[in-house]
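**Q** Handing you a structure now.
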Amino acid sequence: MGASTTMRVALGAASALALIFAHPAAAKDVTLKLTAQELDLPIDNKGTMQASWTFGGQAPGPLLRVTEGDRVTIELTNDAKNKNSHSIDLHAARIDVVKDFEPVKPGETRTFTFIAKYPGAFYYHCGADPMYQHIARGMFGVILVDPKDPNALPKADREYVLVQSEIYPNPDDLHSIMKSEWSNVVFNHTAFKYDPVHDPEATKMLVAKPGERVRVYFVNAGPNEFSSFHPIGGIWDSVYLSGNPANRRSGLQSLVVGPGDGATFDLVSPVPGANVIVDHAMPHAHTGAMAVIMFSDDADPAMGRGDNILVR
């Protein structure tokens with residue numbers, strides 16, 4: 001399975017038929033394989049590289065996607081070339097933290113299984129000690145647990161995943177991480193990744209058509225800073241705390257999301273033009289936590305769908 005590919009197990013014929021008739025999807029056995037890799041990754045649009053620890057050679061790690069009720073097996077391999085032990089902590093799982101989240105040594109593989117009990121947008125990250133350093137180096141991602149009832153949420157026309165995190169100039173300086181002495185707060189591990197307004201080096205934006213329902217799955221990887229998540233020029237039509245349909249709020253200007261937490265946000269623009277999704281804490285926004293979403297009638301039909309949900 002390619003690292004850049006959204007991992008989602010296809011519905012079988014029986015489940016697909018059930019979906020047509022708006023019945024809950026049948027539970028499945030799902031195996032998700034991840035490899036911990038230590039390598040250099042860019043942290044800005046200029047291509048500045050930093051030694052990073054990752055899932056699948058990328059930060060955020062691969063998007064994992066399952067359905068509520070699925071029996072999920074996680075298989076984590078620590079690349080033999082790595083120098084450090086790594087683990088995976090999934091916030092969607094209820095397990096034995098000592099046994100199942102135990103660090104994996106280089107060259108070894110560990111598996112554990114859980115039932116995806118609750119739907120939502122959940123955080124996963126490395127839990128090896130010191131956990132905050134592994135997160136600061138890029139070992140985090142998102143696992144989406146779709147509700148088994150296909151009508152639990154309004155149909156989204158487009159979906160995007162944004163993960164907020166902090167960039168530290170020297171992740172080997174553990175004291176600086178503990179003191180939250182970051183240089184940038186960013187979305188998807190790159191400062192101004194989707195914001196050519198504030199960074200001419202940026203080559204990407206998020207796009208949609210006016211009137212489309214855009215669903216943003218947001219996770220705050222931290223490791224330290226809270227996020228006041230806001231769409232400049234827009235209002236969140238619906239917000240689902242932790243991404244759970246049971247936790248709906250409507251008409252929100254912003255929502256505070258703490259480190260290690262997440263939420264699902266629906267945005268609908270009645271007019272063409274740009275909104276800017278930001279962490280409204282100004283030191284966070286103006287060091288990198290801004291993402292332009294452009295609403296236009298000629299929006300690229302591939303964006304916000306398939307492999308373009310977590311835009312690389």
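Ligands are numbered from 1 in the order shown, chains are lettered A, B, ... in the order of the structure tokens, and residues start at 1 in each chain.
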Among region 170-263 of chain A, which residues carry a DSSP assignment of alpha helix (DSSP H), reported as a list of chain:residue names?
**A** A:Leu174, A:His175, A:Ser176, A:Ile177, A:Met178
**Q** At a cut-off of 8 Å, using only C-alpha atoms, what residues contact Thr35 (chain A)? Leave out same-chain residues fewer than 6 positions from it and give the result as a PyMOL selection string.
**A** chain A and resi 55-57+76-79
**Q** For N, CA, C and O atoms, I'd like the residues from the last selection saved as a CSV table (one decimal), in the first residue's frame.
**A**
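And here is the file that came out, selection.csv:
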```csv
chain,number,residue,atom,x,y,z
A,55,PHE,N,5.4,8.5,10.0
A,55,PHE,CA,4.6,7.3,9.6
A,55,PHE,C,4.6,7.3,8.1
A,55,PHE,O,4.1,8.3,7.5
A,56,GLY,N,5.2,6.3,7.5
A,56,GLY,CA,5.1,6.2,6.0
A,56,GLY,C,5.9,7.2,5.3
A,56,GLY,O,5.6,7.5,4.1
A,57,GLY,N,6.9,7.9,5.9
A,57,GLY,CA,7.7,8.8,5.2
A,57,GLY,C,7.1,10.1,4.9
A,57,GLY,O,7.6,10.9,4.1
A,76,LEU,N,2.3,-2.1,12.9
A,76,LEU,CA,3.3,-1.1,12.8
A,76,LEU,C,4.7,-1.8,12.7
A,76,LEU,O,5.1,-2.6,13.6
A,77,THR,N,5.4,-1.4,11.7
A,77,THR,CA,6.8,-1.9,11.5
A,77,THR,C,7.7,-0.7,11.7
A,77,THR,O,7.5,0.4,11.1
A,78,ASN,N,8.7,-0.9,12.5
A,78,ASN,CA,9.8,0.1,12.6
A,78,ASN,C,10.9,-0.2,11.7
A,78,ASN,O,11.6,-1.3,11.8
A,79,ASP,N,11.1,0.6,10.7
A,79,ASP,CA,12.2,0.4,9.7
A,79,ASP,C,13.5,0.0,10.3
A,79,ASP,O,13.9,0.7,11.3
```
**Q** Between CA of Leu206 (chain A) and CA of Ile309 (chain A), what distance in Å does the model show, to one decimal?
**A** 9.7 Å
**Q** Please list as a ChimeraX atom specification every residue within 6 Å of region 263-276 of chain A, counting only C-alpha atoms and excluding residues in the same chain fewer than 2 positions away.
**A** /A:210-218,231-233,236-243,291-296
**Q** So which residues touch Val66 (chain A) within 10 Å, counting only C-alpha atoms, skipping near sequence neighbours fewer than 5 positions away, as a list in words?
**A**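 So the residues in contact are Met7, Arg8, Val9, Ala10, Ala27, Lys28, Asp29, Val30, Thr31, Leu32, Arg71, Val72, Ala116, Pro119, Ile143, Leu144, Val145, Asp146, Pro147 and Lys148 of chain A.
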**Q** Go through A:Gly262, A:Ala136, A:Ala80, A:Asp100 and flag the residue nearest Asn244 (chain A), using only C-alpha atoms for the distances.
**A**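 Going through A:Gly262, A:Ala136, A:Ala80, A:Asp100 one by one, the smallest distance to Asn244 (chain A) is for A:Gly262.
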